[in-house]
Amino acid sequence: MPMQDMSMQDMSGTTAVVTGASRGFGRAIAAALSAAGASVVGVARSGGPLQDLRAELGGSFTPVIADAADPVIAGQLIDTYHPRTLVLNAGAAPLSRPIHHHTWQTFSRNWDVDVQHVFHWTREALLRPLEEGSAVIAVSSGAALRGSPLSGGYAGAKATVRFLAAYAAAESERRSLGIRFTALLPTLTPATDLGAAAVAAYAHRQGSDVRTYAESLGAPLTPEQVGKTIVDLAANPDLSQEAYLLGSSGLAAVG
Ligand SMILES: NC(=O)c1ccc[n+]([C@@H]2O[C@H](COP(=O)([O-])OP(=O)(O)OC[C@H]3O[C@@H](n4cnc5c(N)ncnc54)[C@H](OP(=O)(O)O)[C@@H]3O)[C@@H](O)[C@H]2O)c1
C-alpha cells in the first residue's frame, strides 16, 4: 500500500503522545509527528536522550521522564494533554536466549512493560474518552505472527498488544466514540538497539556472522519509515484496518 507524501499531512494544532521516545523507532516517530506540525509529548525513562530530542525539535516537544507502564502516568498525561494521537511504542529489550535459559521473570518482561503499558493507556483512552477522530496506534511486531524463539515471551506479548488494539477498536465502535485503534507490526530490523540485539542472537544461533544474517533479511526497515508510517496512520482515517504489517517495502493489512 503506497504511503502518502508526508508533506500532505498537516497535524498542526494537534497533540501527540509517544511512549518510548528516547531512541529507536520512538525517537523517529516523535520527529516525524513534529515535522507534520503536531505538538509532541515524548515519554521515556532516560532524561538525557529526551533532552537531546528537545534541543533538536524545539519547544513543540515536551519530554516526560517516566515509566510508561505506570498507570498513574497514563492517566495523568491523557488528562493533561488530551492527545489526538497516541503512539504506544515503548517496549523492553527481551533477553535473547533459548526458552530453557529463561526464568519466569525474564520470560515475562515484555508482558510487564509492553502489554501492561498498552493495557493502561488503552483503558484510559476509552475511559476519558479521547476526542472523536483521535488515533491510538500500538506498536506490536511481526514476531506476533511467527513467534520469536530466542526472545522469551516477546512474541506472545506482542500478539496480545495486537489483541488489545482490536478489543479497544470494538469498544470504540460499540460506543460510537470515533477513536481509531490500530496495531502496527514492524518487521525485524537491525536499525535499533532492540532489533540489533535480536539480529545478533539469531545470527549466532545459525552460526552466521551478523552482517550476513542481517543481509538475509532483505532491505532493513528504517526508524524514519516507521515515523512516516505513524504519521500516515494518525492523519489518514482511510487507513482503518485494525492491524498492519510494516516492512521496508511498505504497509500491508493483516487479516
Ligand atoms: N527494532 C525492531 O526490529 C522491532 C521490530 C518490531 C517491533 N518493535 C517494537 O518497536 C518498539 C520500539 O522498539 P525499538 O526497536 O525502537 O527499541 P529501542 O531502540 O530499544 O527503544 C525502546 C524505547 O522504549 C523505551 N522504554 C522501554 N521501557 C520503557 C518504560 N518502561 N517506560 C518508558 N519507556 C520505555 C526506551 O526508553 P528508555 O529506556 O529511556 O525508557 C526506548 O525509548 C518496541 O515496542 C519494539 O518491541 C521493534
# chains A, B, ... in the order shown; residues from 1 in each chain; ligands from 1
>>> residues_near_ligand(ligand="ligand 1", cutoff="8 Å", atoms="only C-alpha atoms and all ligand atoms", output="PyMOL selection string")
chain A and resi 19-27+43-47+49-50+65-70+88-93+113-114+117+139-143+154+158+185-196+198+223
>>> select_by_dssp(residues="stretch 16-90 of chain A", states="strand (DSSP E or B)", output="list in words")
Ala16, Val17, Val18, Thr19, Ser39, Val40, Val41, Gly42, Val43, Ala44, Phe61, Thr62, Pro63, Val64, Ile65, Thr85, Leu86, Val87 and Leu88 of chain A
>>> select_by_dssp(residues="stretch 17-226 of chain A", states="helix (DSSP H, G or I)", output="ChimeraX atom specification")
/A:24-35,47-57,71-81,99-101,104-107,109-127,143-146,154-174,193-205,210-216,223-226
>>> closest_residue(among="A:Gly156, A:Arg205, A:Gly133, A:Leu126", to="A:Arg174", atoms="only C-alpha atoms")
A:Leu126
>>> residues_around(residues="stretch 225-234 of chain A", least_positions_apart="6", cutoff="9 Å", atoms="only C-alpha atoms", output="ChimeraX atom specification")
/A:3-6,9,11,25-33,36,84-87,134-137,180,182,184,186,240,246-248,250-251
>>> atom_distance(atom1="atom CA of A:Arg128", atom2="atom CA of A:Ala243")
23.4 Å
>>> atom_distance(atom1="atom CA of A:Ala138", atom2="atom CA of A:Ala183")
4.8 Å
>>> residues_around(residues="A:Gly152", least_positions_apart="4", cutoff="12 Å", atoms="only C-alpha atoms", output="list in words")
Ala92, Ala93, Pro94, Leu95, Ser96, Arg97, Pro98, Ile99, His100, His101, His102, Thr103, Trp104, Gln105, Thr106, Phe107, Ser108, Arg109, Asn110, Trp111, Ala143, Gly147, Ser148, Gly156, Ala157, Lys158 and Ala198 of chain A
>>> atom_distance(atom1="atom CA of A:Gly153", atom2="atom CA of A:Thr122")
21.0 Å
>>> decode(residues="stretch 132-173 of chain A", atoms="C-alpha atoms", output="PDB file, in the first residue's frame")
ATOM      1  CA  GLU A 132     -13.754  11.758  18.251  1.00  0.00           C
ATOM      2  CA  GLY A 133     -11.270  11.436  15.369  1.00  0.00           C
ATOM      3  CA  SER A 134      -8.362  10.519  17.660  1.00  0.00           C
ATOM      4  CA  ALA A 135      -5.993   7.712  16.734  1.00  0.00           C
ATOM      5  CA  VAL A 136      -4.307   5.245  19.075  1.00  0.00           C
ATOM      6  CA  ILE A 137      -1.508   3.233  17.467  1.00  0.00           C
ATOM      7  CA  ALA A 138       0.008   0.345  19.419  1.00  0.00           C
ATOM      8  CA  VAL A 139       3.378  -0.954  18.228  1.00  0.00           C
ATOM      9  CA  SER A 140       3.238  -4.745  18.093  1.00  0.00           C
ATOM     10  CA  SER A 141       5.709  -6.784  15.999  1.00  0.00           C
ATOM     11  CA  GLY A 142       5.920  -9.101  13.015  1.00  0.00           C
ATOM     12  CA  ALA A 143       7.023 -11.634  15.651  1.00  0.00           C
ATOM     13  CA  ALA A 144       3.378 -11.709  16.792  1.00  0.00           C
ATOM     14  CA  LEU A 145       2.609 -13.626  13.586  1.00  0.00           C
ATOM     15  CA  ARG A 146       5.517 -16.063  13.574  1.00  0.00           C
ATOM     16  CA  GLY A 147       6.947 -16.347  17.074  1.00  0.00           C
ATOM     17  CA  SER A 148      10.460 -15.423  18.177  1.00  0.00           C
ATOM     18  CA  PRO A 149      12.055 -18.474  19.818  1.00  0.00           C
ATOM     19  CA  LEU A 150      15.062 -16.648  21.281  1.00  0.00           C
ATOM     20  CA  SER A 151      13.033 -13.833  22.873  1.00  0.00           C
ATOM     21  CA  GLY A 152      11.157 -15.469  25.740  1.00  0.00           C
ATOM     22  CA  GLY A 153       7.609 -14.140  25.993  1.00  0.00           C
ATOM     23  CA  TYR A 154       8.159 -11.327  23.464  1.00  0.00           C
ATOM     24  CA  ALA A 155       6.110 -12.704  20.554  1.00  0.00           C
ATOM     25  CA  GLY A 156       3.165 -13.669  22.768  1.00  0.00           C
ATOM     26  CA  ALA A 157       3.245 -10.264  24.431  1.00  0.00           C
ATOM     27  CA  LYS A 158       3.218  -8.537  21.051  1.00  0.00           C
ATOM     28  CA  ALA A 159       0.306 -10.749  19.903  1.00  0.00           C
ATOM     29  CA  THR A 160      -1.567  -9.565  22.992  1.00  0.00           C
ATOM     30  CA  VAL A 161      -0.750  -5.934  22.131  1.00  0.00           C
ATOM     31  CA  ARG A 162      -2.435  -6.584  18.782  1.00  0.00           C
ATOM     32  CA  PHE A 163      -5.450  -8.171  20.503  1.00  0.00           C
ATOM     33  CA  LEU A 164      -5.748  -5.215  22.894  1.00  0.00           C
ATOM     34  CA  ALA A 165      -5.903  -2.777  19.967  1.00  0.00           C
ATOM     35  CA  ALA A 166      -8.606  -4.902  18.321  1.00  0.00           C
ATOM     36  CA  TYR A 167     -10.640  -5.193  21.545  1.00  0.00           C
ATOM     37  CA  ALA A 168     -10.430  -1.432  22.042  1.00  0.00           C
ATOM     38  CA  ALA A 169     -11.455  -0.805  18.420  1.00  0.00           C
ATOM     39  CA  ALA A 170     -14.561  -2.925  19.044  1.00  0.00           C
ATOM     40  CA  GLU A 171     -15.403  -0.956  22.218  1.00  0.00           C
ATOM     41  CA  SER A 172     -14.935   2.326  20.354  1.00  0.00           C
ATOM     42  CA  GLU A 173     -17.261   1.082  17.626  1.00  0.00           C
TER      43      GLU A 173
END
